[in-house]
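> My questions will all concern the structure given below.
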Amino acid sequence: VLVHEAVAEPLIAAMKSALTTFLGQNPKESPDFGRIINARHFKRVVALIDGEVLCGGDRDEVQRYIAPTLIRTTLDAKHKAMQDEIFGPVLPIIAVPSLDVGIEYINRNPKPLALYIFSTNSQTVKNVIQRTSSGGVAVN
């Protein structure tokens with residue numbers, strides 16, 4: 001997730017609240033929260049949980065359980081979770097100072113399979129779509 005630094009903390013708080021609303025105080029006990037398919041993928045996803053953990057991070061290797069995890073990384077970091085598809089409950093969050101910086105970040109990395117834009121400003125949406133390339137785009 002690339003998010004403007006002015007709204008990063010409110011977004012993180014809302015995401016934490018949504019996780020609790022959907023999965024309860026202990027996601028491990030939720031009948032709606034799955035497990036990692038096998039031990040190899042469990043270890044691969046656990047290795048991505050590096051740096052500042054904003055929420056989650058709990059794991060149980062026997063059950064192949066990894067809690068929904070939000071991690072903070074930065075634009076200049078080559079975080080492992082930003083190098084490949086995750087296929088697990090880990091979400092990196094990067095605060096950016098401006099839309100232009102976010103677009104530059106997208107463009108200097110391999111083309112994303114999907115780009116999700118959340119904005120009520122139609123010019124912002126148009127700007128992102130025109131200045132980036134991805135496998136597919138979804139708005140709001």
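Residue numbering restarts at 1 in every chain; chains get A, B, ... in the order shown in the structure tokens, and ligands count up from 1 in that same order.
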Each residue of segment 29-125 of chain A with at least one atom at most 8 Å from segment 5-18 of chain A should appear once, together with its nearest atom pair and the corresponding distance in Å (one decimal); atoms considered: only C-alpha atoms; ordering: chain, then increasing residue number; output as a Markdown table.

```
| residue | atom | partner | partner_atom | distance |
| --- | --- | --- | --- | --- |
| A:Leu54 | CA | A:Ile12 | CA | 7.9 |
| A:Cys55 | CA | A:Lys16 | CA | 7.1 |
| A:Ala95 | CA | A:Glu5 | CA | 4.7 |
| A:Val96 | CA | A:Glu5 | CA | 5.3 |
| A:Pro97 | CA | A:Glu5 | CA | 5.6 |
| A:Ser98 | CA | A:Glu5 | CA | 7.9 |
```
> List as a VMD selection string the protein and nucleic acid residues near Asp50 of chain A, meaning an atom at most 8 Å away when only C-alpha atoms are counted, but skip any in the same chain fewer than 4 places from it.
chain A and resid 71 79 to 80
> Would you pick out the contacts of Phe87 of chain A at 9 Å or less, using only C-alpha atoms, so that residues sharing its chain but fewer than 5 positions from it are not included, and give the list as JSON, numbers by chain?
{"A": [36, 41, 45]}
> Could you pull the residues within 8 Å of segment 122-137 of chain A, counting only C-alpha atoms, minus those fewer than 2 positions along the same chain, as a VMD selection string?
chain A and resid 103 106 to 107 111 to 120 139
> Output the selection as an mmCIF file, in the first residue's frame - N, CA and C atoms for each residue.

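Written file, selection07.cif:
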```
data_model
loop_
_atom_site.group_PDB
_atom_site.id
_atom_site.type_symbol
_atom_site.label_atom_id
_atom_site.label_comp_id
_atom_site.auth_asym_id
_atom_site.auth_seq_id
_atom_site.Cartn_x
_atom_site.Cartn_y
_atom_site.Cartn_z
ATOM 1 N N ILE A 103 3.990 7.702 -7.681
ATOM 2 C CA ILE A 103 4.003 7.299 -9.095
ATOM 3 C C ILE A 103 5.427 6.963 -9.538
ATOM 4 N N ILE A 106 6.255 3.505 -8.286
ATOM 5 C CA ILE A 106 5.603 2.472 -9.097
ATOM 6 C C ILE A 106 6.366 2.266 -10.401
ATOM 7 N N ASN A 107 6.750 3.352 -11.044
ATOM 8 C CA ASN A 107 7.384 3.278 -12.361
ATOM 9 C C ASN A 107 8.825 2.777 -12.337
ATOM 10 N N LYS A 111 6.440 -3.824 -13.370
ATOM 11 C CA LYS A 111 5.014 -3.510 -13.537
ATOM 12 C C LYS A 111 4.169 -4.372 -12.600
ATOM 13 N N PRO A 112 3.306 -3.743 -11.800
ATOM 14 C CA PRO A 112 2.446 -4.535 -10.913
ATOM 15 C C PRO A 112 1.348 -5.250 -11.702
ATOM 16 N N LEU A 113 0.946 -6.401 -11.196
ATOM 17 C CA LEU A 113 -0.156 -7.125 -11.833
ATOM 18 C C LEU A 113 -1.454 -6.345 -11.699
ATOM 19 N N ALA A 114 -1.619 -5.692 -10.562
ATOM 20 C CA ALA A 114 -2.845 -4.936 -10.312
ATOM 21 C C ALA A 114 -2.505 -3.638 -9.590
ATOM 22 N N LEU A 115 -3.304 -2.633 -9.876
ATOM 23 C CA LEU A 115 -3.159 -1.332 -9.223
ATOM 24 C C LEU A 115 -4.541 -0.907 -8.756
ATOM 25 N N TYR A 116 -4.677 -0.693 -7.469
ATOM 26 C CA TYR A 116 -5.953 -0.290 -6.890
ATOM 27 C C TYR A 116 -5.813 1.160 -6.435
ATOM 28 N N ILE A 117 -6.664 2.023 -6.927
ATOM 29 C CA ILE A 117 -6.628 3.437 -6.586
ATOM 30 C C ILE A 117 -7.859 3.762 -5.759
ATOM 31 N N PHE A 118 -7.629 4.366 -4.596
ATOM 32 C CA PHE A 118 -8.739 4.807 -3.750
ATOM 33 C C PHE A 118 -8.639 6.326 -3.627
ATOM 34 N N SER A 119 -9.565 7.023 -4.261
ATOM 35 C CA SER A 119 -9.568 8.478 -4.227
ATOM 36 C C SER A 119 -10.945 8.989 -4.634
ATOM 37 N N THR A 120 -11.337 10.106 -4.048
ATOM 38 C CA THR A 120 -12.572 10.760 -4.468
ATOM 39 C C THR A 120 -12.280 11.863 -5.480
ATOM 40 N N VAL A 139 -10.643 1.115 -9.421
ATOM 41 C CA VAL A 139 -10.798 2.388 -8.718
ATOM 42 C C VAL A 139 -11.863 2.239 -7.649
#
```
> Nearest to Leu70 of chain A: which of A:Asp32, A:Glu104, A:Glu52, A:Glu85 is it, counting only C-alpha atoms?
A:Glu52
> Which neighbours of segment 72-77 of chain A fall inside 6 Å, counting only C-alpha atoms, when residues of the same chain fewer than 5 positions from it are skipped, and could you give them as a list of chain:residue names?
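Returned residues: A:Glu52, A:Pro92, A:Ile93, A:Ile94.
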> Can I get the selection written as a compact mmCIF listing (two decimals), in the first residue's frame, with all heavy atoms?

```txt
# COMPACT_ATOMS: atom_id res chain seq x y z
N GLU A 52 9.30 -3.01 10.98
CA GLU A 52 8.30 -2.52 11.93
C GLU A 52 6.95 -3.19 11.69
O GLU A 52 6.29 -2.95 10.68
CB GLU A 52 8.15 -1.00 11.80
CG GLU A 52 7.20 -0.42 12.81
CD GLU A 52 7.02 1.08 12.68
OE1 GLU A 52 7.67 1.70 11.82
OE2 GLU A 52 6.21 1.62 13.44
N PRO A 92 2.55 -4.81 3.29
CA PRO A 92 3.49 -3.71 3.51
C PRO A 92 2.81 -2.37 3.25
O PRO A 92 2.01 -2.24 2.32
CB PRO A 92 4.59 -3.94 2.48
CG PRO A 92 4.29 -5.23 1.81
CD PRO A 92 2.89 -5.59 2.11
N ILE A 93 3.13 -1.38 4.08
CA ILE A 93 2.57 -0.04 3.94
C ILE A 93 3.73 0.95 3.83
O ILE A 93 4.64 0.94 4.66
CB ILE A 93 1.67 0.32 5.14
CG1 ILE A 93 0.51 -0.68 5.21
CG2 ILE A 93 1.18 1.76 5.03
CD1 ILE A 93 -0.37 -0.52 6.41
N ILE A 94 3.68 1.77 2.79
CA ILE A 94 4.71 2.77 2.55
C ILE A 94 4.05 4.14 2.51
O ILE A 94 3.18 4.39 1.67
CB ILE A 94 5.45 2.52 1.23
CG1 ILE A 94 6.10 1.15 1.21
CG2 ILE A 94 6.49 3.62 0.97
CD1 ILE A 94 6.71 0.76 -0.13
```
